[in-house]
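Trainee: Hey, dropping data_5.cif in here, mmCIF, C-alpha atoms and all ligand atoms:
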```
data_structure
loop_
_atom_site.label_atom_id
_atom_site.label_comp_id
_atom_site.auth_asym_id
_atom_site.auth_seq_id
_atom_site.Cartn_x
_atom_site.Cartn_y
_atom_site.Cartn_z
CA MET A 1012 264.82 321.46 199.95
CA ALA A 1013 262.18 320.58 202.52
CA PHE A 1014 262.46 317.10 203.98
CA ARG A 1015 260.89 314.95 206.64
CA PHE A 1016 262.45 312.43 209.01
CA LEU A 1017 260.65 309.40 210.33
CA ALA A 1018 261.42 305.95 211.63
CA VAL A 1019 259.47 302.70 211.29
CA PRO A 1020 260.42 299.12 212.19
CA ALA A 1021 262.61 297.54 209.49
CA HIS A 1022 260.14 294.70 208.89
CA ARG A 1023 257.45 297.22 207.97
CA LEU A 1024 259.33 298.99 205.21
CA VAL A 1025 257.50 299.03 201.88
CA ASN A 1026 258.51 300.22 198.45
CA PHE A 1027 257.34 303.35 196.69
CA PRO A 1028 254.62 304.12 195.56
CA GLN A 1029 253.18 302.54 198.69
CA THR A 1030 253.02 304.65 201.83
CA LEU A 1031 254.90 303.74 205.01
CA PRO A 1032 252.68 302.53 207.89
CA ASP A 1033 251.50 305.26 210.22
CA ASP A 1034 250.34 303.09 213.11
CA GLU A 1035 253.89 302.30 214.14
CA ARG A 1036 256.24 305.16 213.48
CA LEU A 1037 258.34 307.77 215.19
CA GLU A 1038 258.60 311.34 214.02
CA PRO A 1039 260.27 314.39 215.50
CA GLU A 1040 257.93 317.29 216.19
CA LEU A 1041 259.49 319.92 214.01
CA PRO A 1042 258.34 323.46 213.36
CA PRO A 1043 256.57 323.98 210.01
CA VAL A 1044 259.35 326.35 208.96
CA HIS A 1045 261.59 324.11 206.88
CA GLU A 1046 264.36 326.72 206.80
CA ALA A 1047 264.64 326.28 210.57
CA VAL A 1048 264.97 322.51 210.22
CA GLU A 1049 267.56 322.88 207.49
CA ARG A 1050 269.47 325.39 209.57
CA ALA A 1051 269.28 323.01 212.55
CA LEU A 1052 271.44 320.53 210.66
CA THR A 1053 273.95 323.11 209.47
CA GLY A 1054 277.31 322.49 211.04
CA ALA A 1055 276.47 318.92 212.04
CA GLU A 1056 278.23 315.90 210.57
CA PHE A 1057 277.26 312.31 209.97
CA ARG A 1058 279.95 309.78 209.08
CA ASP A 1059 282.53 312.43 208.16
CA MET A 1060 280.10 314.16 205.86
CA ARG A 1061 277.97 317.21 206.44
CA ALA A 1062 274.52 315.96 207.44
CA LYS A 1063 272.89 318.24 204.86
CA ASP A 1064 275.12 316.90 202.08
CA ARG A 1065 274.12 313.38 203.02
CA LEU A 1066 270.46 314.33 202.77
CA ARG A 1067 270.99 315.86 199.36
CA ILE A 1068 272.88 312.84 198.03
CA LEU A 1069 270.22 310.47 199.38
CA LEU A 1070 267.27 312.40 198.02
CA GLN A 1071 268.60 314.05 194.89
CA GLY A 1072 271.59 311.92 193.96
CA ASP A 1073 272.08 309.57 191.00
CA ARG A 1074 270.27 306.71 192.70
CA PRO A 1075 266.77 307.92 193.58
CA PRO A 1076 265.27 306.66 196.86
CA SER A 1077 262.88 303.73 196.53
CA LEU A 1078 261.12 303.20 199.86
CA GLY A 1079 257.56 304.22 200.60
CA ALA A 1080 256.63 307.87 201.13
CA PRO A 1081 255.63 309.13 204.62
CA GLU A 1082 252.31 310.24 203.12
CA THR A 1083 250.82 311.66 199.94
CA GLY A 1084 252.72 314.66 198.71
CA PHE A 1085 256.11 313.34 199.69
CA GLY A 1086 258.72 311.70 197.55
CA PRO A 1087 260.01 308.18 198.21
CA SER A 1088 262.02 307.64 201.41
CA ALA A 1089 265.70 306.83 201.72
CA ILE A 1090 267.48 305.28 204.68
CA PHE A 1091 269.43 307.96 206.50
CA ALA A 1092 270.76 305.67 209.22
CA HIS A 1093 270.38 301.98 209.86
CA PRO A 1094 271.01 300.32 213.21
CA PRO A 1095 273.19 298.79 214.40
CA GLN A 1096 275.95 299.84 212.00
CA ASP A 1097 274.99 303.53 212.05
CA LEU A 1098 274.28 303.66 215.77
CA PRO A 1099 277.55 305.33 216.85
CA ALA A 1100 277.41 307.89 214.03
CA LEU A 1101 273.80 308.78 214.75
CA LEU A 1102 274.39 309.13 218.48
CA ARG A 1103 277.33 311.39 217.71
CA LEU A 1104 275.12 313.48 215.45
CA ALA A 1105 272.55 313.75 218.26
CA ASP A 1106 275.31 314.95 220.59
CA GLU A 1107 276.47 317.51 218.05
CA LEU A 1108 272.96 318.88 217.60
CA GLU A 1109 272.49 319.26 221.34
CA ASN A 1110 275.84 320.98 221.69
CA LEU A 1111 275.00 323.40 218.89
CA ALA A 1112 271.67 324.19 220.54
CA ARG A 1113 273.33 324.75 223.90
CA ARG A 1114 276.03 326.96 222.44
CA GLU A 1115 273.66 329.14 220.46
CA ALA A 1116 271.14 329.48 223.25
CA GLY A 1117 273.92 330.69 225.50
CA GLU A 1118 274.05 334.33 224.51
CA ARG A 1119 272.49 336.46 227.24
CA ALA A 1120 271.93 340.17 227.39
CA LEU A 1121 271.45 342.75 230.11
CA VAL A 1122 268.46 345.01 229.61
CA TRP A 1123 267.85 348.62 230.53
CA LYS A 1124 264.95 350.95 230.01
CA CYS A 1125 265.09 354.68 229.45
CA GLY A 1126 263.66 356.29 232.60
CA ASP A 1127 261.80 358.85 230.53
CA CYS A 1128 260.32 357.18 227.47
CA GLY A 1129 260.71 353.50 228.32
CA ALA A 1130 262.84 352.61 225.23
CA ARG A 1131 264.60 349.28 225.77
CA TYR A 1132 268.32 348.71 225.43
CA ALA A 1133 269.81 345.21 225.44
CA VAL A 1134 273.56 344.62 225.46
CA PRO A 1135 275.20 341.17 225.29
CA VAL A 1136 276.58 340.38 228.73
CA ALA A 1137 280.12 340.00 227.40
CA LEU A 1138 280.03 343.52 225.94
CA VAL A 1139 278.57 345.36 228.92
CA ARG A 1140 280.70 348.34 229.98
CA GLN A 1141 279.61 350.94 232.46
CA VAL A 1142 278.80 353.86 230.20
CA SER A 1143 276.12 356.44 229.83
CA ILE A 1144 274.36 356.68 226.48
CA ARG A 1145 271.79 359.12 225.21
CA CYS A 1146 268.41 357.56 224.59
CA GLU A 1147 267.92 357.25 220.87
CA ARG A 1148 264.31 358.21 221.13
CA CYS A 1149 264.22 361.05 223.65
CA GLY A 1150 267.81 362.01 224.39
CA THR A 1151 267.68 361.29 228.12
CA PRO A 1152 270.95 359.83 229.48
CA VAL A 1153 270.66 356.12 230.25
CA GLU A 1154 273.20 354.65 232.64
CA LEU A 1155 274.26 351.21 231.41
CA ALA A 1156 275.52 349.99 234.76
CA ALA A 1157 275.07 346.31 235.49
CA THR A 1158 273.69 347.15 238.93
CA ARG A 1159 270.94 349.27 237.39
CA SER A 1160 269.82 346.87 234.67
CA LEU A 1161 266.39 345.29 234.68
CA GLY A 1162 268.01 341.88 234.54
CA GLU A 1163 269.20 339.32 232.06
CA GLU A 1164 267.34 337.89 229.15
CA SER A 1165 268.08 335.63 226.27
CA LEU A 1166 269.06 337.38 223.04
CA ILE A 1167 267.63 334.56 221.03
CA ASP A 1168 265.23 335.50 218.24
CA PRO A 1169 262.17 333.39 217.35
CA PHE A 1170 263.85 331.88 214.29
CA LEU A 1171 266.90 330.75 216.23
CA GLY A 1172 264.55 329.48 218.90
CA ALA A 1173 262.86 327.29 216.27
CA VAL A 1174 266.27 326.13 215.02
CA ASN A 1175 267.33 325.08 218.51
CA HIS A 1176 264.00 323.42 219.19
CA SER A 1177 264.49 321.43 215.95
CA ARG A 1178 267.98 320.39 217.03
CA ARG A 1179 266.71 319.04 220.35
CA GLU A 1180 263.77 317.30 218.73
CA LEU A 1181 265.97 315.69 216.09
CA ALA A 1182 268.51 314.59 218.70
CA ALA A 1183 265.79 312.98 220.84
CA PHE A 1184 264.26 311.36 217.76
CA PHE A 1185 267.58 309.90 216.57
CA ARG A 1186 268.29 308.46 220.02
CA GLU A 1187 264.82 306.96 220.34
CA ALA A 1188 264.96 305.39 216.86
CA MET A 1189 268.32 303.82 217.61
CA ALA A 1190 267.12 302.63 221.01
CA ARG A 1191 264.26 300.82 219.27
CA GLY A 1192 266.54 299.55 216.53
CA TRP A 1193 264.47 301.22 213.82
CA PRO A 1194 266.01 302.65 210.65
CA VAL A 1195 265.82 306.43 210.28
CA LEU A 1196 264.30 307.47 206.98
CA VAL A 1197 264.14 310.75 205.18
CA ALA A 1198 261.88 311.90 202.35
CA GLU A 1199 261.55 315.07 200.36
CA ASP A 1200 258.49 317.24 200.87
CA LYS A 1201 257.08 317.83 197.40
CA ARG A 1202 253.91 319.54 198.45
CA VAL A 1203 253.32 322.81 196.70
CA PRO A 1204 252.99 325.64 199.21
CA ARG A 1205 249.31 326.20 199.76
CA THR A 1206 247.89 329.29 198.16
CA GLN A 1207 245.28 331.57 199.66
CA PRO A 1208 241.76 330.57 198.70
CA SER A 1209 240.34 333.28 196.48
CA ALA A 1210 237.54 335.32 198.00
ZN ZN B 1301 264.12 357.76 226.19
#
```
For this file, produce the structure as C-alpha cells.
Ligand SMILES: [Zn+2]
Mentor:
Amino acid sequence: MAFRFLAVPAHRLVNFPQTLPDDERLEPELPPVHEAVERALTGAEFRDMRAKDRLRILLQGDRPPSLGAPETGFGPSAIFAHPPQDLPALLRLADELENLARREAGERALVWKCGDCGARYAVPVALVRQVSIRCERCGTPVELAATRSLGEESLIDPFLGAVNHSRRELAAFFREAMARGWPVLVAEDKRVPRTQPSA
C-alpha cells in the first residue's frame, strides 16, 4: 500500500471529495519508492501499535477515511495524529525513526583492492581478521590487514539509504507538525503506475 503523509492547520480541513489546501501544508520529502517509505516505518510503534498497522486500520479499516484528499489520484485522508493529545506518541515515534536510521547506518566496512586486477573486497569492520585470501578474479593473494586497507566506507546500499532518508524526513516532519499544532494526515496513493507511452 502506497501512502502519503501531510499536515494542514486543523481549521482548514475539508471533507472528501474536496481536496486539502495546498497553500498551507507540510509534507515530508520522501523518495518516490514507496517500498522504502513503508520499510522506513517497519519496526516503529505509535501508541503501542505498529505504525504500519495503524496506517492500514486508518486507510483500509471498517470506517473509511472521510477528509479531503491531498490531490487528485489519492484516496480520502485520515488523521494519523492530532495535537495535543498525540504529541507525546508522535515525538516518541520520531525518536524511534531516528534511532533506527542511526543504527542501520552504523555498519561500516574496510575495503581492500587486489594489487593485480583491482577487484574490491569489503569486510564489515566487526568481522575483519588479518588473513590472506586469494583474489576471486585473478588468484593473486590479497592481504586483509587493517593497516593495508584503503579505508572505511559505509556498507549501506541505495535502498537502505532511501529507507534511512525517509526515516529522518518523517521524523522531522512529525516534529514540525506537532510544533505548529497541525494534525498529521495520511492518505492512500491510488494512482495507477504510469505506463510507458507507446512509440
Ligand atoms: Zn585480482
Trainee: For A:Lys1063, list every protein, DNA or RNA residue within 8 Å, evaluated using only C-alpha atoms, and leave out those in the same chain fewer than 2 positions away; present the list as a list in words.
Mentor: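 Near A:Lys1063, the qualifying residues are Glu1049, Leu1052, Thr1053, Arg1061, Arg1065, Leu1066 and Arg1067 of chain A.
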Trainee: Which of these residues is nearest to ligand ZN 1301 (chain B), using only C-alpha atoms and all ligand atoms: A:Arg1015, A:Arg1114, A:His1045, A:Lys1124?
Mentor: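 Closest to ligand ZN 1301 (chain B) of all the choices is A:Lys1124.
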Trainee: Pick out the residues sitting within 8 Å of A:Pro1081, and hand them over as a PDB file with C-alpha atoms, keeping the file's coordinate frame; count all atoms listed in the file, and ignore anything fewer than 5 positions along from it in its own chain.
Mentor:
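Output saved as part28.pdb:
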```pdb
ATOM      1  CA  LEU A1017     260.650 309.400 210.330  1.00  0.00           C
ATOM      2  CA  THR A1030     253.020 304.650 201.830  1.00  0.00           C
ATOM      3  CA  LEU A1031     254.900 303.740 205.010  1.00  0.00           C
ATOM      4  CA  PRO A1032     252.680 302.530 207.890  1.00  0.00           C
ATOM      5  CA  ASP A1033     251.500 305.260 210.220  1.00  0.00           C
ATOM      6  CA  PRO A1087     260.010 308.180 198.210  1.00  0.00           C
ATOM      7  CA  SER A1088     262.020 307.640 201.410  1.00  0.00           C
ATOM      8  CA  ALA A1198     261.880 311.900 202.350  1.00  0.00           C
TER       9      ALA A1198
END
```
Trainee: Between A:Cys1146, A:Ala1089, A:Met1012, A:Ile1068, which is the closest to ligand ZN 1301 (chain B) once you count only C-alpha atoms and all ligand atoms?
Mentor: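 Looking only at the distances to ligand ZN 1301 (chain B), the closest residue turns out to be A:Cys1146.
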Trainee: Pick out the residues sitting within 12 Å of A:Leu1196, and hand them over as number ranges by chain; count all atoms listed in the file, and ignore anything fewer than 4 positions along from it in its own chain.
Mentor: A: 1014-1021, 1024-1025, 1031, 1036-1039, 1066, 1069-1070, 1076-1081, 1086-1094, 1184-1185, 1188-1189
Trainee: Would you work out the distance separating atom CA of A:Val1136 from atom CA of A:Gly1150, expressed in Å to one decimal?
Mentor: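 Straight-line distance from atom CA of A:Val1136 to atom CA of A:Gly1150 works out to 23.7 Å.
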Trainee: So which one's closest to A:Leu1101, A:Glu1154, A:Phe1057, A:Glu1187, A:Val1139? Using all atoms listed in the file, please.
Mentor: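 Distance minimum relative to A:Leu1101 lands on A:Phe1057.
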Trainee: Ligand ZN 1301 (chain B): which residues are within 8 Å, counting only C-alpha atoms and all ligand atoms, as a ChimeraX atom specification?
Mentor: /A:1124-1130,1145-1153
